[in-house]
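As provided, entry-v1.cif (mmCIF, C-alpha atoms) reads as follows.
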data_input
loop_
_atom_site.label_atom_id
_atom_site.label_comp_id
_atom_site.auth_asym_id
_atom_site.auth_seq_id
_atom_site.Cartn_x
_atom_site.Cartn_y
_atom_site.Cartn_z
CA MET A 17 4.93 -3.66 -24.15
CA GLY A 18 7.34 -5.92 -22.24
CA ARG A 19 10.22 -4.74 -24.39
CA ALA A 20 9.26 -1.10 -23.81
CA LEU A 21 9.09 -1.63 -20.04
CA ALA A 22 12.46 -3.37 -19.89
CA GLY A 23 14.01 -0.75 -22.15
CA ALA A 24 12.84 2.11 -19.94
CA LEU A 25 14.30 0.46 -16.84
CA ILE A 26 17.61 -0.24 -18.56
CA HIS A 27 17.77 3.35 -19.85
CA ALA A 28 17.37 4.51 -16.24
CA GLY A 29 20.36 2.42 -15.18
CA ARG A 30 18.49 -0.48 -13.62
CA GLU A 31 19.90 -3.99 -13.82
CA VAL A 32 17.26 -6.01 -15.64
CA THR A 33 16.83 -9.73 -16.19
CA VAL A 34 14.12 -10.69 -18.66
CA TRP A 35 12.28 -13.83 -19.64
CA ASN A 36 9.98 -14.12 -22.64
CA ARG A 37 7.81 -16.99 -23.76
CA THR A 38 9.55 -16.68 -27.13
CA PRO A 39 13.34 -16.89 -26.58
CA GLY A 40 15.47 -14.21 -28.20
CA ARG A 41 12.92 -11.38 -28.03
CA ALA A 42 15.19 -9.43 -25.67
CA SER A 43 18.09 -9.25 -28.10
CA GLY A 44 19.63 -5.80 -28.37
CA LEU A 45 18.04 -4.52 -25.15
CA GLY A 46 21.07 -4.82 -22.95
CA ALA A 47 19.25 -7.00 -20.45
CA ARG A 48 20.31 -10.40 -19.19
CA GLU A 49 17.99 -13.01 -20.65
CA ALA A 50 16.90 -15.73 -18.25
CA SER A 51 16.49 -19.24 -19.57
CA SER A 52 13.49 -19.96 -17.36
CA VAL A 53 10.80 -18.29 -15.29
CA GLU A 54 12.47 -19.60 -12.11
CA GLU A 55 15.74 -17.93 -13.07
CA ALA A 56 13.98 -14.65 -13.76
CA ILE A 57 12.21 -14.67 -10.39
CA GLU A 58 15.40 -15.51 -8.53
CA ALA A 59 17.35 -12.75 -10.28
CA GLY A 60 16.18 -9.76 -8.28
CA GLY A 61 14.13 -8.26 -5.49
CA LEU A 62 11.26 -7.09 -7.68
CA THR A 63 9.54 -9.17 -10.36
CA VAL A 64 7.42 -7.42 -13.01
CA VAL A 65 5.00 -9.50 -15.03
CA CYS A 66 3.48 -8.23 -18.28
CA LEU A 67 1.87 -10.85 -20.51
CA LEU A 68 -1.10 -11.13 -22.86
CA ASP A 69 -3.88 -11.77 -20.35
CA ASP A 70 -4.74 -13.21 -16.97
CA ALA A 71 -4.76 -16.79 -18.30
CA SER A 72 -1.20 -16.45 -19.62
CA VAL A 73 -0.03 -15.12 -16.24
CA ARG A 74 -1.57 -18.11 -14.44
CA GLU A 75 -0.12 -20.50 -17.01
CA THR A 76 3.35 -18.99 -16.57
CA LEU A 77 3.42 -18.73 -12.78
CA ALA A 78 1.58 -21.90 -11.73
CA PRO A 79 4.50 -24.27 -12.48
CA VAL A 80 6.85 -22.11 -10.38
CA ALA A 81 4.47 -21.39 -7.49
CA ARG A 82 7.01 -22.65 -4.93
CA GLU A 83 9.54 -20.06 -6.12
CA LEU A 84 7.16 -17.18 -5.40
CA ALA A 85 7.49 -17.30 -1.62
CA GLY A 86 8.97 -13.99 -0.44
CA ALA A 87 8.85 -12.39 -3.89
CA ASP A 88 7.59 -8.84 -4.48
CA LEU A 89 5.58 -9.27 -7.67
CA VAL A 90 4.09 -6.48 -9.77
CA ASN A 91 1.54 -7.62 -12.33
CA LEU A 92 1.10 -5.12 -15.18
CA THR A 93 -0.97 -7.46 -17.34
CA SER A 94 -4.36 -6.10 -18.41
CA GLY A 95 -7.34 -7.80 -16.81
CA SER A 96 -10.54 -7.27 -14.88
CA ALA A 97 -10.87 -6.23 -11.25
CA ARG A 98 -12.08 -9.72 -10.32
CA GLN A 99 -9.10 -11.34 -12.05
CA ALA A 100 -6.71 -8.98 -10.27
CA ARG A 101 -8.24 -9.77 -6.87
CA GLU A 102 -8.19 -13.51 -7.48
CA LEU A 103 -4.60 -13.44 -8.71
CA ALA A 104 -3.52 -11.38 -5.70
CA GLY A 105 -5.15 -13.93 -3.41
CA TRP A 106 -3.43 -16.79 -5.24
CA LEU A 107 -0.05 -15.06 -5.04
CA GLU A 108 -0.48 -14.33 -1.33
CA GLY A 109 -1.41 -17.96 -0.81
CA HIS A 110 2.01 -18.90 -2.18
CA GLY A 111 3.85 -16.39 -0.02
CA ALA A 112 4.31 -13.63 -2.58
CA ARG A 113 3.63 -9.92 -1.97
CA PRO A 114 1.50 -8.74 -4.94
CA LEU A 115 1.05 -5.28 -6.39
CA ALA A 116 -1.44 -4.95 -9.24
CA GLY A 117 -0.93 -2.40 -12.00
CA GLY A 118 -2.57 -0.78 -14.99
CA ILE A 119 -0.37 0.83 -17.65
CA MET A 120 -1.77 4.15 -18.84
CA ALA A 121 0.53 4.38 -21.84
CA VAL A 122 1.23 2.72 -25.17
CA PRO A 123 4.68 1.22 -25.83
CA PRO A 124 6.14 4.33 -27.59
CA THR A 125 5.18 6.54 -24.62
CA VAL A 126 6.44 4.28 -21.82
CA GLY A 127 9.13 6.15 -19.91
CA THR A 128 8.00 9.58 -21.13
CA ASP A 129 6.58 12.44 -19.08
CA GLY A 130 3.04 11.66 -20.24
CA ALA A 131 3.05 8.03 -19.11
CA PHE A 132 1.66 6.97 -15.76
CA ILE A 133 0.90 3.61 -14.19
CA LEU A 134 -1.85 2.82 -11.72
CA TYR A 135 -1.03 0.54 -8.80
CA SER A 136 -3.21 -1.06 -6.14
CA GLY A 137 -2.34 -3.25 -3.20
CA GLU A 138 -0.60 -2.76 0.12
CA ARG A 139 0.63 0.82 0.48
CA ASP A 140 3.95 -0.12 2.07
CA LEU A 141 4.82 -2.37 -0.88
CA PHE A 142 3.88 0.42 -3.29
CA ASP A 143 6.08 2.88 -1.40
CA ARG A 144 9.04 0.50 -1.63
CA ALA A 145 8.48 -0.39 -5.28
CA ALA A 146 7.57 3.06 -6.64
CA PRO A 147 11.15 4.42 -6.87
CA VAL A 148 12.22 1.32 -8.80
CA LEU A 149 9.21 1.49 -11.13
CA ALA A 150 9.24 5.27 -11.65
CA PRO A 151 11.22 5.15 -14.94
CA LEU A 152 8.27 3.35 -16.57
CA GLY A 153 5.88 6.25 -15.91
CA ARG A 154 4.60 8.26 -12.96
CA PRO A 155 3.51 5.74 -10.27
CA HIS A 156 -0.01 6.43 -8.98
CA TRP A 157 -1.45 4.40 -6.10
CA VAL A 158 -5.25 4.03 -6.29
CA GLY A 159 -5.97 2.00 -3.16
CA ALA A 160 -5.35 -1.11 -1.13
CA ASP A 161 -7.97 -3.13 -3.03
CA PRO A 162 -5.89 -5.13 -5.57
CA GLY A 163 -8.70 -4.82 -8.11
CA PHE A 164 -8.74 -1.03 -8.28
CA ALA A 165 -5.82 -0.59 -10.70
CA ALA A 166 -7.50 -2.93 -13.19
CA LEU A 167 -10.89 -1.31 -12.57
CA TYR A 168 -9.62 2.20 -13.27
CA ASP A 169 -7.57 0.97 -16.23
CA MET A 170 -10.56 -0.72 -17.89
CA ALA A 171 -12.83 2.25 -17.14
CA ALA A 172 -10.34 4.68 -18.69
CA LEU A 173 -9.93 2.45 -21.74
CA SER A 174 -13.72 2.33 -22.05
CA GLY A 175 -13.77 6.12 -22.23
CA MET A 176 -11.02 6.10 -24.85
CA TYR A 177 -12.74 3.51 -27.04
CA GLY A 178 -16.01 5.40 -26.72
CA MET A 179 -14.30 8.50 -28.09
CA SER A 180 -12.69 6.40 -30.82
CA ALA A 181 -16.09 4.98 -31.80
CA GLY A 182 -17.50 8.48 -32.03
CA ALA A 183 -14.56 9.63 -34.16
CA ASP A 184 -14.95 6.61 -36.48
CA HIS A 185 -18.63 7.41 -36.93
CA ALA A 186 -17.88 11.09 -37.57
CA VAL A 187 -15.27 10.37 -40.25
CA THR A 188 -17.48 7.73 -41.90
CA LEU A 189 -20.37 10.19 -42.04
CA VAL A 190 -18.25 12.88 -43.73
CA GLN A 191 -16.77 10.34 -46.14
CA ALA A 192 -20.19 8.94 -47.04
CA GLU A 193 -21.43 12.39 -48.08
CA GLY A 194 -18.30 13.17 -50.12
CA GLY A 195 -16.68 15.58 -47.68
CA ASP A 196 -12.95 16.25 -47.38
CA VAL A 197 -12.03 13.77 -44.67
CA GLU A 198 -8.52 15.05 -43.98
CA THR A 199 -9.66 18.65 -43.67
CA PHE A 200 -12.48 17.53 -41.42
CA ARG A 201 -10.10 15.54 -39.19
CA ARG A 202 -7.55 18.33 -38.91
CA GLU A 203 -9.64 21.50 -38.87
CA VAL A 204 -12.92 20.39 -37.30
CA LEU A 205 -12.89 17.07 -35.43
CA GLN A 206 -9.57 17.33 -33.57
CA PRO A 207 -9.97 20.93 -32.31
CA TRP A 208 -13.62 20.29 -31.44
CA MET A 209 -12.88 17.14 -29.42
CA GLU A 210 -9.96 18.85 -27.68
CA GLN A 211 -12.26 21.73 -26.72
CA MET A 212 -15.00 19.40 -25.48
CA LEU A 213 -12.83 16.87 -23.64
CA PRO A 214 -12.87 18.68 -20.26
CA PHE A 215 -16.68 18.92 -20.48
CA MET A 216 -17.05 15.26 -21.46
CA VAL A 217 -14.96 14.09 -18.50
CA ALA A 218 -16.44 16.53 -15.96
CA GLY A 219 -19.98 15.86 -17.18
CA ALA A 220 -19.71 12.06 -17.09
CA ASP A 221 -22.40 10.85 -14.69
CA VAL A 222 -22.93 7.25 -13.63
CA SER A 223 -26.43 7.98 -12.32
CA GLU A 224 -29.61 8.15 -14.38
CA THR A 225 -29.75 11.93 -14.04
CA VAL A 226 -28.27 14.52 -16.37
CA PRO A 227 -26.70 17.79 -15.17
CA GLU A 228 -29.15 20.69 -15.26
CA GLU A 229 -27.28 22.55 -17.98
CA TYR A 230 -27.76 19.58 -20.33
CA ASN A 231 -31.46 19.93 -21.14
CA PRO A 232 -32.55 16.31 -21.78
CA ALA A 233 -35.25 17.22 -24.32
CA MET A 234 -32.84 19.41 -26.30
CA GLN A 235 -30.10 16.77 -26.18
CA ALA A 236 -32.54 14.06 -27.30
CA ALA A 237 -33.65 16.19 -30.25
CA GLY A 238 -30.02 16.71 -31.28
CA LEU A 239 -29.29 13.01 -31.05
CA ARG A 240 -32.33 12.18 -33.19
CA THR A 241 -31.07 14.64 -35.81
CA MET A 242 -27.60 13.04 -35.77
CA LEU A 243 -29.14 9.59 -36.19
CA ALA A 244 -31.29 10.83 -39.07
CA ALA A 245 -28.22 12.32 -40.78
CA SER A 246 -26.42 9.02 -40.30
CA ASP A 247 -29.32 7.05 -41.81
CA GLU A 248 -29.56 9.45 -44.76
CA ALA A 249 -25.86 9.00 -45.49
CA GLY A 250 -26.17 5.21 -45.35
CA VAL A 251 -23.73 4.85 -42.47
CA PRO A 252 -24.09 1.38 -40.87
CA ALA A 253 -26.28 1.47 -37.77
CA ASP A 254 -23.64 -0.22 -35.59
CA LEU A 255 -21.32 2.76 -36.07
CA ALA A 256 -23.99 4.98 -34.51
CA GLY A 257 -24.43 2.76 -31.47
CA HIS A 258 -23.01 5.40 -29.12
CA LEU A 259 -25.67 7.86 -30.34
CA ARG A 260 -28.50 5.40 -29.75
CA ALA A 261 -27.21 4.65 -26.25
CA SER A 262 -27.02 8.36 -25.48
CA LEU A 263 -30.55 8.90 -26.81
CA TRP A 264 -31.85 6.13 -24.55
CA ARG A 265 -30.17 7.80 -21.58
CA MET A 266 -31.60 11.23 -22.42
CA ARG A 267 -35.08 9.79 -22.78
CA ARG A 268 -34.75 8.18 -19.35
CA ALA A 269 -33.64 11.50 -17.87
CA ALA A 270 -36.50 13.40 -19.49
CA ALA A 271 -39.14 10.89 -18.35
#

The structure in this file should be written as structure tokens.
Amino acid sequence: MGRALAGALIHAGREVTVWNRTPGRASGLGAREASSVEEAIEAGGLTVVCLLDDASVRETLAPVARELAGADLVNLTSGSARQARELAGWLEGHGARPLAGGIMAVPPTVGTDGAFILYSGERDLFDRAAPVLAPLGRPHWVGADPGFAALYDMAALSGMYGMSAGADHAVTLVQAEGGDVETFRREVLQPWMEQMLPFMVAGADVSETVPEEYNPAMQAAGLRTMLAASDEAGVPADLAGHLRASLWRMRRAAA
């Protein structure tokens, strides 16, 4: 991801200095490679951090805490809302101006029209940084709370992995019964999920109630049938976990 981010900025004509925990990873990018974290921070007016996790960010920045005073620092590393808030507080304590981010893209789509990046933190810092960061993906500010970018990022990923789990179960079910998996993927599953996606997102409800049009008793009966079909095909129960969770929710709504 770091290489994709740097590449998009360079392609847009930005002057980029990079530092990687493994030297030499920036070869061929056209960026200047810093020999140390300190050198990278001192190189420009905006520092972008994208590492494996929150622990690696702390491990990297802690030894150079004194160098952070006055720095505008954008953290695009994935983490939780609590981690983002705590890191923002730590950075502010060392005189840095933090902006938290959540990348809504995968490396091949960074810098394309479909990519966007969530940011949270002080609005004036976002307004100054957004034009610089725009080549990475459409900048979208989600609030002053530094944890919101991470919160929305993790919530969106949860939705994606939930869909992926459902698709895995669907394909396994067809395969277990001897169906044509590729035909099913192409002609049934993909067009069906594309058709249903707006309803899935609009119908998502964090309360214990279910929209009126989704009759709980009817939905519960359908879920029981899907679970029975899964059991009959010998599909492992853990692959049907999303169905069991949905059945529990429908039963609660019908009670």

Would you give me, as CSV, each residue of range 146-198 of chain A having an atom within 12 Å of an atom of range 64-82 of chain A, along with its shortest atom pair and that distance in Å to one decimal, using all atoms listed in the file and sorting by chain and residue number?
residue,atom,partner,partner_atom,distance
A:Val148,CA,A:Val64,CA,10.8
A:Leu149,CA,A:Val64,CA,9.3
A:Leu152,CA,A:Val64,CA,11.4
A:Ala166,CA,A:Asp70,CA,11.3

Residues from the last selection, C-alpha atoms, saved as a JSON list (two decimals), keeping the file's coordinate frame:
[["chain", "number", "residue", "atom", "x", "y", "z"],
["A", 148, "VAL", "CA", 12.22, 1.32, -8.80],
["A", 149, "LEU", "CA", 9.21, 1.49, -11.13],
["A", 152, "LEU", "CA", 8.27, 3.35, -16.57],
["A", 166, "ALA", "CA", -7.50, -2.93, -13.19]]

On this structure, which residues satisfy the PyMOL selection byres ((chain A and resi 265) around 9), written as a list in words? Glu224, Thr225, Val226, Pro232, Ala236, Arg260, Ala261, Ser262, Leu263, Trp264, Met266, Arg267, Arg268, Ala269 and Ala270 of chain A

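For the pair CA of Gln99 in chain A and CA of Glu55 in chain A, the interatomic distance is 25.7 Å.
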
May I ask for the distance between CA of Ala87 in chain A and CA of Trp106 in chain A, given in Å to one decimal place? 13.1 Å

Using all atoms listed in the file, list the residues that have an atom at most 8 Å from (20.9, -9.8, -18.5), coordinates as in the file, as a PDB file with C-alpha atoms, in the frame of the given file.
ATOM      1  CA  GLU A  31      19.900  -3.990 -13.820  1.00  0.00           C
ATOM      2  CA  VAL A  32      17.260  -6.010 -15.640  1.00  0.00           C
ATOM      3  CA  THR A  33      16.830  -9.730 -16.190  1.00  0.00           C
ATOM      4  CA  VAL A  34      14.120 -10.690 -18.660  1.00  0.00           C
ATOM      5  CA  GLY A  46      21.070  -4.820 -22.950  1.00  0.00           C
ATOM      6  CA  ALA A  47      19.250  -7.000 -20.450  1.00  0.00           C
ATOM      7  CA  ARG A  48      20.310 -10.400 -19.190  1.00  0.00           C
ATOM      8  CA  GLU A  49      17.990 -13.010 -20.650  1.00  0.00           C
ATOM      9  CA  ALA A  50      16.900 -15.730 -18.250  1.00  0.00           C
TER      10      ALA A  50
END

For the PyMOL selection byres ((chain A and resi 21) around 8), applied here, can you spell out every residue it catches as a list in words?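 On the file shown, the PyMOL selection byres ((chain A and resi 21) around 8) covers Met17, Gly18, Arg19, Ala20, Ala22, Gly23, Ala24, Leu25, Pro123, Val126, Gly127 and Leu152 of chain A.
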
What is the CA of Asp247 in chain A to CA of Leu189 in chain A distance in Å?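 Taking CA of Asp247 in chain A and CA of Leu189 in chain A, their separation equals 9.5 Å.
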
Mind telling me what the PyMOL selection byres ((chain A and resi 168) around 12) catches here, as a VMD selection string? chain A and resid 94 to 97 100 116 to 120 133 to 136 156 to 159 161 to 167 169 to 175

Rank nothing, just name the residue among A:Gly109, A:Pro207, A:Pro252, A:Gly86 nearest to Gly60 in chain A, using all atoms listed in the file.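 With all atoms listed in the file as the atom set, the closest residue is A:Gly86.
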
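If you measure from each of A:Met209, A:Ala237, A:Ala112, A:Val204 to Gly61 in chain A using only C-alpha atoms, the closest one turns out to be A:Ala112.
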
So that I can see what lies close to Asp254 in chain A, please list as a list in words the residues with an atom at most 12 Å from it, counting only C-alpha atoms and leaving out residues fewer than 2 positions away in the same chain. Ala181, Gly182, Asp184, His185, Thr188, Leu243, Ser246, Asp247, Gly250, Val251, Pro252, Ala256, Gly257, His258, Leu259, Arg260 and Ala261 of chain A

Determine the nearest neighbour of Leu45 in chain A from the options A:Arg154, A:His27, A:Arg144, A:Arg98, counting all atoms listed in the file. A:His27

Starting from 8 Å padding per side, set up an axis-aligned box that covers all listed atoms of range 104-123 of chain A and hand over centre and edge lengths in Å, one decimal, as lines of an AutoDock Vina configuration file.
center_x = -0.2
center_y = -7.3
center_z = -12.9
size_x = 25.8
size_y = 39.3
size_z = 41.8

Residue nearest Glu193 in chain A among A:Ala146, A:Met234, A:Ala244, A:Ala249 (counting only C-alpha atoms): A:Ala249
